[in-house]
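Chemist: Provided below: target_25.cif, containing mmCIF, C-alpha atoms.
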```
data_input
loop_
_atom_site.label_atom_id
_atom_site.label_comp_id
_atom_site.auth_asym_id
_atom_site.auth_seq_id
_atom_site.Cartn_x
_atom_site.Cartn_y
_atom_site.Cartn_z
CA MET A 1 -17.25 -25.40 -4.53
CA ASN A 2 -19.62 -24.86 -7.45
CA LEU A 3 -20.25 -21.17 -6.82
CA VAL A 4 -20.33 -18.48 -9.51
CA TYR A 5 -21.00 -14.83 -8.72
CA LEU A 6 -21.64 -11.98 -11.13
CA THR A 7 -20.70 -8.42 -10.28
CA SER A 8 -20.36 -5.17 -12.20
CA PRO A 9 -18.64 -1.87 -11.44
CA LYS A 10 -21.66 0.13 -12.63
CA GLY A 11 -25.38 -0.39 -13.06
CA GLY A 12 -27.25 -0.78 -16.31
CA VAL A 13 -24.96 -3.41 -17.83
CA GLY A 14 -27.57 -6.18 -17.93
CA ARG A 15 -25.97 -8.25 -15.15
CA THR A 16 -29.24 -9.61 -13.74
CA THR A 17 -30.53 -10.54 -17.19
CA LEU A 18 -27.25 -12.27 -17.92
CA THR A 19 -27.39 -14.15 -14.62
CA ALA A 20 -30.84 -15.51 -15.45
CA ASN A 21 -29.87 -16.48 -18.99
CA LEU A 22 -26.71 -18.22 -17.84
CA ALA A 23 -28.82 -20.16 -15.36
CA PHE A 24 -31.00 -21.35 -18.24
CA ALA A 25 -27.91 -22.17 -20.34
CA LEU A 26 -26.26 -24.17 -17.55
CA GLN A 27 -29.49 -26.06 -16.96
CA ARG A 28 -29.55 -27.00 -20.65
CA LEU A 29 -26.10 -28.52 -20.17
CA GLY A 30 -27.58 -30.87 -17.62
CA HIS A 31 -26.76 -29.05 -14.39
CA GLN A 32 -29.11 -28.42 -11.54
CA VAL A 33 -28.98 -24.66 -10.97
CA VAL A 34 -29.87 -22.49 -7.99
CA VAL A 35 -29.72 -18.70 -8.30
CA LEU A 36 -29.30 -16.38 -5.31
CA ASP A 37 -30.34 -12.74 -5.61
CA LEU A 38 -28.35 -10.41 -3.32
CA ASP A 39 -29.50 -7.22 -5.05
CA VAL A 40 -31.95 -5.07 -3.08
CA GLN A 41 -33.85 -4.35 -6.32
CA ASN A 42 -35.18 -7.93 -6.11
CA THR A 43 -35.77 -8.16 -9.87
CA LEU A 44 -34.19 -11.52 -10.60
CA ARG A 45 -37.53 -13.17 -9.77
CA LEU A 46 -39.09 -11.41 -12.78
CA HIS A 47 -36.40 -12.73 -15.12
CA MET A 48 -37.09 -16.21 -13.79
CA GLY A 49 -40.81 -16.01 -14.62
CA LEU A 50 -42.25 -15.35 -11.15
CA ALA A 51 -45.09 -12.93 -10.47
CA VAL A 52 -44.53 -9.28 -9.61
CA GLY A 53 -46.35 -9.87 -6.34
CA GLU A 54 -43.99 -12.66 -5.22
CA HIS A 55 -42.69 -11.38 -1.87
CA ARG A 56 -40.77 -14.33 -0.42
CA GLY A 57 -37.03 -14.04 0.02
CA VAL A 58 -33.97 -14.75 2.14
CA VAL A 59 -33.41 -11.31 3.65
CA ALA A 60 -36.51 -11.22 5.84
CA GLN A 61 -35.70 -14.74 7.09
CA SER A 62 -31.93 -14.35 7.47
CA GLN A 63 -31.94 -13.90 11.25
CA HIS A 64 -34.40 -16.72 11.90
CA ASN A 65 -33.15 -19.61 9.78
CA SER A 66 -29.70 -21.08 9.23
CA ASP A 67 -30.58 -23.20 6.20
CA TRP A 68 -31.73 -21.38 3.06
CA ARG A 69 -32.41 -24.57 1.16
CA GLU A 70 -35.99 -24.61 2.44
CA HIS A 71 -36.52 -21.14 0.92
CA ILE A 72 -35.66 -22.20 -2.63
CA ILE A 73 -38.51 -21.48 -5.04
CA GLU A 74 -38.71 -23.73 -8.08
CA THR A 75 -39.32 -21.49 -11.09
CA PRO A 76 -41.29 -22.50 -14.22
CA SER A 77 -38.04 -23.49 -15.96
CA GLY A 78 -37.01 -25.76 -13.08
CA VAL A 79 -34.16 -23.49 -11.99
CA GLY A 80 -34.17 -22.95 -8.22
CA LEU A 81 -34.34 -19.35 -6.99
CA LEU A 82 -33.44 -17.77 -3.66
CA PRO A 83 -34.96 -14.29 -4.09
CA TYR A 84 -33.83 -11.24 -2.18
CA GLY A 85 -37.50 -10.73 -1.33
CA GLN A 86 -39.43 -7.87 0.17
CA ALA A 87 -37.78 -6.53 3.31
CA THR A 88 -38.03 -3.57 5.63
CA ARG A 89 -35.18 -1.13 6.06
CA ALA A 90 -34.32 -2.70 9.40
CA GLN A 91 -34.24 -6.17 7.85
CA ARG A 92 -31.97 -4.97 5.03
CA GLU A 93 -29.59 -3.29 7.44
CA GLY A 94 -29.53 -6.35 9.69
CA PHE A 95 -28.84 -8.59 6.70
CA ASN A 96 -25.93 -6.44 5.53
CA SER A 97 -24.51 -6.43 9.05
CA LEU A 98 -24.57 -10.24 9.12
CA LEU A 99 -22.80 -10.39 5.75
CA ARG A 100 -20.09 -8.03 7.00
CA GLN A 101 -19.61 -9.30 10.54
CA GLU A 102 -19.97 -13.08 10.23
CA PRO A 103 -17.29 -14.43 7.85
CA ASP A 104 -19.06 -17.77 7.31
CA PHE A 105 -22.64 -16.46 7.26
CA LEU A 106 -23.31 -16.94 3.55
CA GLU A 107 -21.48 -20.23 3.22
CA LEU A 108 -23.35 -21.73 6.18
CA ARG A 109 -26.75 -20.65 4.83
CA LEU A 110 -26.07 -22.13 1.40
CA GLY A 111 -24.62 -25.24 3.00
CA SER A 112 -24.56 -28.41 0.93
CA LEU A 113 -25.70 -26.63 -2.24
CA LEU A 114 -22.16 -25.37 -2.72
CA HIS A 115 -20.66 -28.85 -2.74
CA GLN A 116 -23.39 -30.92 -4.37
CA PRO A 117 -22.03 -32.57 -7.55
CA GLY A 118 -24.04 -31.54 -10.56
CA CYS A 119 -25.45 -28.40 -8.91
CA ILE A 120 -24.21 -24.89 -9.68
CA THR A 121 -25.09 -21.89 -7.50
CA LEU A 122 -25.17 -18.51 -9.28
CA VAL A 123 -25.17 -15.28 -7.26
CA ASP A 124 -26.42 -11.98 -8.68
CA LEU A 125 -24.75 -9.10 -6.82
CA PRO A 126 -25.59 -5.40 -6.83
CA SER A 127 -23.37 -3.12 -8.88
CA GLY A 128 -20.23 -1.73 -7.28
CA PRO A 129 -18.75 -2.61 -3.89
CA SER A 130 -21.25 -4.18 -1.49
CA SER A 131 -21.49 -6.34 1.61
CA GLY A 132 -22.66 -9.16 -0.66
CA LEU A 133 -19.52 -8.92 -2.78
CA GLU A 134 -17.35 -8.96 0.33
CA ALA A 135 -19.18 -12.07 1.56
CA VAL A 136 -18.80 -14.10 -1.64
CA LYS A 137 -15.15 -13.08 -1.97
CA ARG A 138 -14.47 -15.06 1.20
CA MET A 139 -15.53 -18.25 -0.59
CA SER A 140 -13.59 -19.99 -3.33
CA GLY A 141 -16.06 -19.25 -6.09
CA LEU A 142 -15.69 -18.14 -9.68
CA GLY A 143 -16.02 -14.36 -10.03
CA ILE A 144 -17.38 -12.90 -13.28
CA VAL A 145 -17.33 -9.17 -13.95
CA VAL A 146 -19.95 -7.93 -16.42
CA MET A 147 -19.01 -4.95 -18.59
CA LEU A 148 -20.52 -3.10 -21.53
CA ALA A 149 -18.76 -2.35 -24.79
CA ASP A 150 -18.95 1.40 -24.25
CA GLY A 151 -16.60 4.17 -23.20
CA CYS A 152 -17.81 4.47 -19.62
CA SER A 153 -17.43 0.77 -18.87
CA ALA A 154 -14.05 0.60 -20.60
CA ALA A 155 -12.87 3.52 -18.48
CA THR A 156 -13.79 1.65 -15.29
CA LEU A 157 -11.78 -1.46 -16.17
CA PRO A 158 -8.49 -0.25 -14.60
CA LEU A 159 -10.42 0.59 -11.41
CA VAL A 160 -12.03 -2.87 -11.32
CA GLN A 161 -8.63 -4.50 -11.65
CA GLN A 162 -7.27 -2.57 -8.68
CA GLU A 163 -6.98 -4.42 -5.39
CA ASN A 164 -9.54 -2.29 -3.53
CA TYR A 165 -12.47 -3.54 -5.65
CA LEU A 166 -12.13 -7.28 -6.06
CA GLY A 167 -9.12 -7.76 -3.81
CA PRO A 168 -5.68 -8.99 -4.93
CA GLU A 169 -6.41 -12.71 -5.08
CA ILE A 170 -9.81 -12.37 -6.76
CA ALA A 171 -8.62 -9.77 -9.28
CA GLN A 172 -5.94 -12.14 -10.53
CA ARG A 173 -8.38 -14.90 -11.39
CA ALA A 174 -11.61 -13.02 -12.17
CA LEU A 175 -13.19 -13.54 -15.57
CA TYR A 176 -15.05 -10.97 -17.67
CA VAL A 177 -18.07 -10.96 -19.95
CA ILE A 178 -18.76 -8.14 -22.38
CA ASN A 179 -22.51 -7.74 -22.59
CA GLN A 180 -24.84 -6.25 -25.21
CA VAL A 181 -22.23 -6.01 -27.97
CA TYR A 182 -23.57 -4.19 -31.05
CA ILE A 183 -21.30 -5.06 -33.94
CA ARG A 184 -22.62 -2.26 -36.18
CA SER A 185 -21.27 0.32 -33.76
CA ARG A 186 -17.65 1.32 -34.33
CA LEU A 187 -17.33 2.37 -30.69
CA ASN A 188 -18.55 -1.06 -29.61
CA ARG A 189 -16.03 -2.77 -31.87
CA ASP A 190 -13.21 -0.55 -30.61
CA CYS A 191 -14.16 -1.23 -26.98
CA VAL A 192 -14.26 -4.97 -27.57
CA GLU A 193 -10.79 -4.79 -29.11
CA PHE A 194 -9.60 -2.85 -26.05
CA TYR A 195 -11.02 -5.50 -23.72
CA GLU A 196 -9.45 -8.30 -25.74
CA GLN A 197 -6.03 -6.69 -25.59
CA ARG A 198 -6.30 -5.77 -21.92
CA LEU A 199 -7.90 -8.95 -20.58
CA GLY A 200 -6.49 -11.71 -22.76
CA ALA A 201 -7.49 -15.14 -21.44
CA ALA A 202 -9.54 -13.53 -18.65
CA LEU A 203 -12.18 -12.54 -21.22
CA LEU A 204 -14.72 -15.33 -20.80
CA GLY A 205 -16.92 -14.25 -23.68
CA ARG A 206 -19.20 -11.67 -25.20
CA VAL A 207 -22.97 -11.51 -25.59
CA HIS A 208 -24.48 -9.71 -28.55
CA ARG A 209 -27.29 -7.22 -28.18
CA ASP A 210 -30.69 -8.50 -29.28
CA GLU A 211 -34.07 -6.95 -28.56
CA ALA A 212 -35.40 -10.49 -28.20
CA VAL A 213 -33.72 -10.67 -24.77
CA PRO A 214 -35.92 -8.06 -22.98
CA GLU A 215 -38.90 -9.26 -25.02
CA ALA A 216 -38.38 -12.77 -23.66
CA THR A 217 -38.35 -11.44 -20.09
CA ALA A 218 -41.55 -9.48 -20.71
CA SER A 219 -43.13 -12.67 -22.04
CA LYS A 220 -41.99 -14.65 -18.97
CA GLN A 221 -39.96 -16.98 -21.17
CA SER A 222 -36.29 -17.77 -21.43
CA ILE A 223 -34.46 -16.51 -24.51
CA PHE A 224 -34.03 -20.17 -25.49
CA GLU A 225 -37.80 -20.57 -25.72
CA TYR A 226 -38.64 -17.14 -27.08
CA ALA A 227 -35.98 -16.78 -29.80
CA PRO A 228 -34.18 -20.10 -30.36
CA THR A 229 -32.39 -18.78 -33.48
CA SER A 230 -30.95 -15.68 -31.77
CA ALA A 231 -27.17 -15.24 -31.90
CA VAL A 232 -27.35 -14.67 -28.16
CA ILE A 233 -28.06 -18.39 -27.71
CA GLN A 234 -24.64 -19.38 -29.02
CA ASP A 235 -22.97 -16.71 -26.89
CA LEU A 236 -24.66 -17.96 -23.73
CA GLU A 237 -23.96 -21.60 -24.49
CA ASP A 238 -20.26 -20.91 -25.09
CA ILE A 239 -19.96 -19.04 -21.78
CA ALA A 240 -21.94 -21.70 -19.92
CA ARG A 241 -19.65 -24.45 -21.23
CA SER A 242 -16.60 -22.47 -20.11
CA ILE A 243 -18.11 -22.02 -16.64
CA SER A 244 -18.93 -25.72 -16.43
CA ARG A 245 -15.35 -26.68 -17.34
CA ALA A 246 -13.96 -24.25 -14.76
CA LEU A 247 -15.81 -25.91 -11.87
CA PRO A 248 -14.23 -29.16 -10.62
CA ASP A 249 -17.48 -30.85 -9.54
CA ALA A 250 -19.80 -29.29 -12.07
CA TYR A 251 -20.94 -32.64 -13.41
CA GLY A 252 -22.60 -35.17 -11.13
CA HIS A 253 -24.19 -38.53 -11.72
CA ASP A 254 -27.92 -38.92 -12.22
CA SER A 255 -28.10 -40.89 -9.02
CA MET A 256 -26.86 -37.84 -7.14
CA LYS A 257 -29.65 -35.54 -8.27
CA PHE A 258 -31.60 -34.07 -5.39
CA SER A 259 -34.81 -32.21 -4.80
CA LEU A 260 -34.72 -28.45 -4.55
CA ARG A 261 -36.74 -28.76 -1.38
#
```
I'd like the structure from this file rewritten - as structure tokens, please.
Modeler:
Amino acid sequence: MNLVYLTSPKGGVGRTTLTANLAFALQRLGHQVVVLDLDVQNTLRLHMGLAVGEHRGVVAQSQHNSDWREHIIETPSGVGLLPYGQATRAQREGFNSLLRQEPDFLELRLGSLLHQPGCITLVDLPSGPSSGLEAVKRMSGLGIVVMLADGCSAATLPLVQQENYLGPEIAQRALYVINQVYIRSRLNRDCVEFYEQRLGAALLGRVHRDEAVPEATASKQSIFEYAPTSAVIQDLEDIARSISRALPDAYGHDSMKFSLR
């Protein structure tokens, strides 16, 4: 199952930005990529170059359609996007109820995308515990926890590793990314050293801080297009290669490529 989900114990860590940039990086490796936004903020669409007024999404349609593949929007980069979309309070509550009460709800909606050779599905989750996190934990995907190199995030690490957040099985095999690392900050360097000692091989990688990243989003471009010499590029490519190697069917044959529609 080529499923990767990104979660974070607290907001403001750049998880959604990282999800979008990893989608671009995995696409550059030759994968077909579909990104699912399960965050009520519905901002992943902006990182993928869609208009602010784009209202389509899976939540409003969740009770009427069993196959989300027809809701995939092809973004300017070619990455497929399943946005959260605009939804009423009743629709949001109904969606969360389905995620909690139907164990196979998410897997059935994503269907063949999860098993298609050459295609990787990324899921952007809201920060902290959520019905979305509980739903993806039921599937055999690759969990990535996004942290910052600061005191508050470092203090939450022991809580994240407890069984009541990720669950015992997930916590043992979860991987971590340290985001927005600023090497000129002593606190940042000390926090990174703490993570390295605490996480060991579970530390998937780090991504340096670069103002070009939010600038690229504002320009509706990927960081690869906007700032091809940025150190962030190498960080993202290293993490993307590690993700690709960790997924058993991550590489498919050209003959097995399929339309997003």
Chemist: Identify, on the basis of all atoms listed in the file, every residue whose closest approach to Ser112 in chain A does not exceed 10 Å; exclude the query and any residue fewer than 5 positions from it along the same chain; express the result as a list in words.
Modeler: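 Once the nearby chain positions are removed, what remains is Met1, Asp67, Arg69, Glu107, Pro117 and Cys119 of chain A.
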Chemist: Using the file's own x, y and z axes, so that the box edges lie along x, y and z, what centre and edge lengths in Å (one decimal) does a box around every listed atom of range 102-117 of chain A get when 8 Å is added on each side? Give it as AutoDock Vina command-line options.
Modeler:
```
--center_x -22.0 --center_y -22.8 --center_z 1.3 --size_x 25.5 --size_y 35.5 --size_z 33.8
```
Chemist: What is the CA of Ala212 in chain A-CA of Leu18 in chain A distance in Å, reported with one decimal?
Modeler: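 Between CA of Ala212 in chain A and CA of Leu18 in chain A the gap works out to 13.2 Å.
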Chemist: Go ahead and compute the interatomic distance for CA of Gly12 in chain A and CA of Arg189 in chain A, in Å to one decimal.
Modeler: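 According to the coordinates, CA of Gly12 in chain A and CA of Arg189 in chain A are separated by 19.3 Å.
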Chemist: With all atoms listed in the file counted, which protein, DNA or RNA residues have an atom no more than 9 Å from (-25.2, -23.9, -3.7) in the file frame? Please answer as a list in words.
Modeler: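 Residues satisfying the cut-off, written out: Met1, Asn2, Leu3, Val33, Val34, Val35, Leu36, Arg69, Glu107, Leu110, Gly111, Ser112, Leu113, Leu114, His115, Gln116, Cys119, Ile120, Thr121 and Leu122 of chain A.
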Chemist: Identify all residues satisfying the PyMOL selection byres ((chain A and resi 51) around 12) in the given file; provide them as a PyMOL selection string.
Modeler: chain A and resi 42-50+52-56+75-76+217-220
Chemist: So how far away is CA of Asp37 in chain A from CA of Arg92 in chain A, in Å?
Modeler: 13.3 Å
Chemist: Taking the file as shown, find all residues satisfying the PyMOL selection byres ((chain A and resi 138-146) around 7) and write them as a short mmCIF file (atom, residue, chain, number, x, y, z; two decimals) with C-alpha atoms, keeping the file's coordinate frame.
Modeler:
```
data_model
loop_
_atom_site.label_atom_id
_atom_site.label_comp_id
_atom_site.auth_asym_id
_atom_site.auth_seq_id
_atom_site.Cartn_x
_atom_site.Cartn_y
_atom_site.Cartn_z
CA MET A 1 -17.25 -25.40 -4.53
CA ASN A 2 -19.62 -24.86 -7.45
CA LEU A 3 -20.25 -21.17 -6.82
CA VAL A 4 -20.33 -18.48 -9.51
CA TYR A 5 -21.00 -14.83 -8.72
CA LEU A 6 -21.64 -11.98 -11.13
CA THR A 7 -20.70 -8.42 -10.28
CA SER A 8 -20.36 -5.17 -12.20
CA VAL A 13 -24.96 -3.41 -17.83
CA ARG A 15 -25.97 -8.25 -15.15
CA GLU A 134 -17.35 -8.96 0.33
CA ALA A 135 -19.18 -12.07 1.56
CA VAL A 136 -18.80 -14.10 -1.64
CA LYS A 137 -15.15 -13.08 -1.97
CA MET A 147 -19.01 -4.95 -18.59
CA ALA A 174 -11.61 -13.02 -12.17
CA LEU A 175 -13.19 -13.54 -15.57
CA TYR A 176 -15.05 -10.97 -17.67
CA VAL A 177 -18.07 -10.96 -19.95
CA ILE A 178 -18.76 -8.14 -22.38
CA ASN A 179 -22.51 -7.74 -22.59
#
```
Chemist: Using the chain letters and numbers from the file, which residues does the PyMOL selection byres ((chain A and resi 226) around 9) grab, as an mmCIF file with C-alpha atoms, in the frame of the given file?
Modeler:
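Ended up saving to part.cif:
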```cif
data_model
loop_
_atom_site.group_PDB
_atom_site.id
_atom_site.type_symbol
_atom_site.label_atom_id
_atom_site.label_comp_id
_atom_site.auth_asym_id
_atom_site.auth_seq_id
_atom_site.Cartn_x
_atom_site.Cartn_y
_atom_site.Cartn_z
ATOM 1 C CA ALA A 212 -35.400 -10.490 -28.200
ATOM 2 C CA VAL A 213 -33.720 -10.670 -24.770
ATOM 3 C CA GLU A 215 -38.900 -9.260 -25.020
ATOM 4 C CA ALA A 216 -38.380 -12.770 -23.660
ATOM 5 C CA SER A 219 -43.130 -12.670 -22.040
ATOM 6 C CA GLN A 221 -39.960 -16.980 -21.170
ATOM 7 C CA SER A 222 -36.290 -17.770 -21.430
ATOM 8 C CA ILE A 223 -34.460 -16.510 -24.510
ATOM 9 C CA PHE A 224 -34.030 -20.170 -25.490
ATOM 10 C CA GLU A 225 -37.800 -20.570 -25.720
ATOM 11 C CA ALA A 227 -35.980 -16.780 -29.800
ATOM 12 C CA PRO A 228 -34.180 -20.100 -30.360
#
```
Chemist: Smallest atom-to-atom distance to Ser153 in chain A: which of A:His31, A:Phe24, A:Gln234, A:Pro9, using only C-alpha atoms?
Modeler: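 Comparing A:His31, A:Phe24, A:Gln234, A:Pro9 against Ser153 in chain A, the winner is A:Pro9.
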Chemist: Tell me which protein, DNA and RNA residues are within 10 Å of Gln61 in chain A, counting all atoms listed in the file, leaving out same-chain ones fewer than 4 positions away, and put them as a PyMOL selection string.
Modeler: chain A and resi 56-57+65-68+71+85+87+91+95
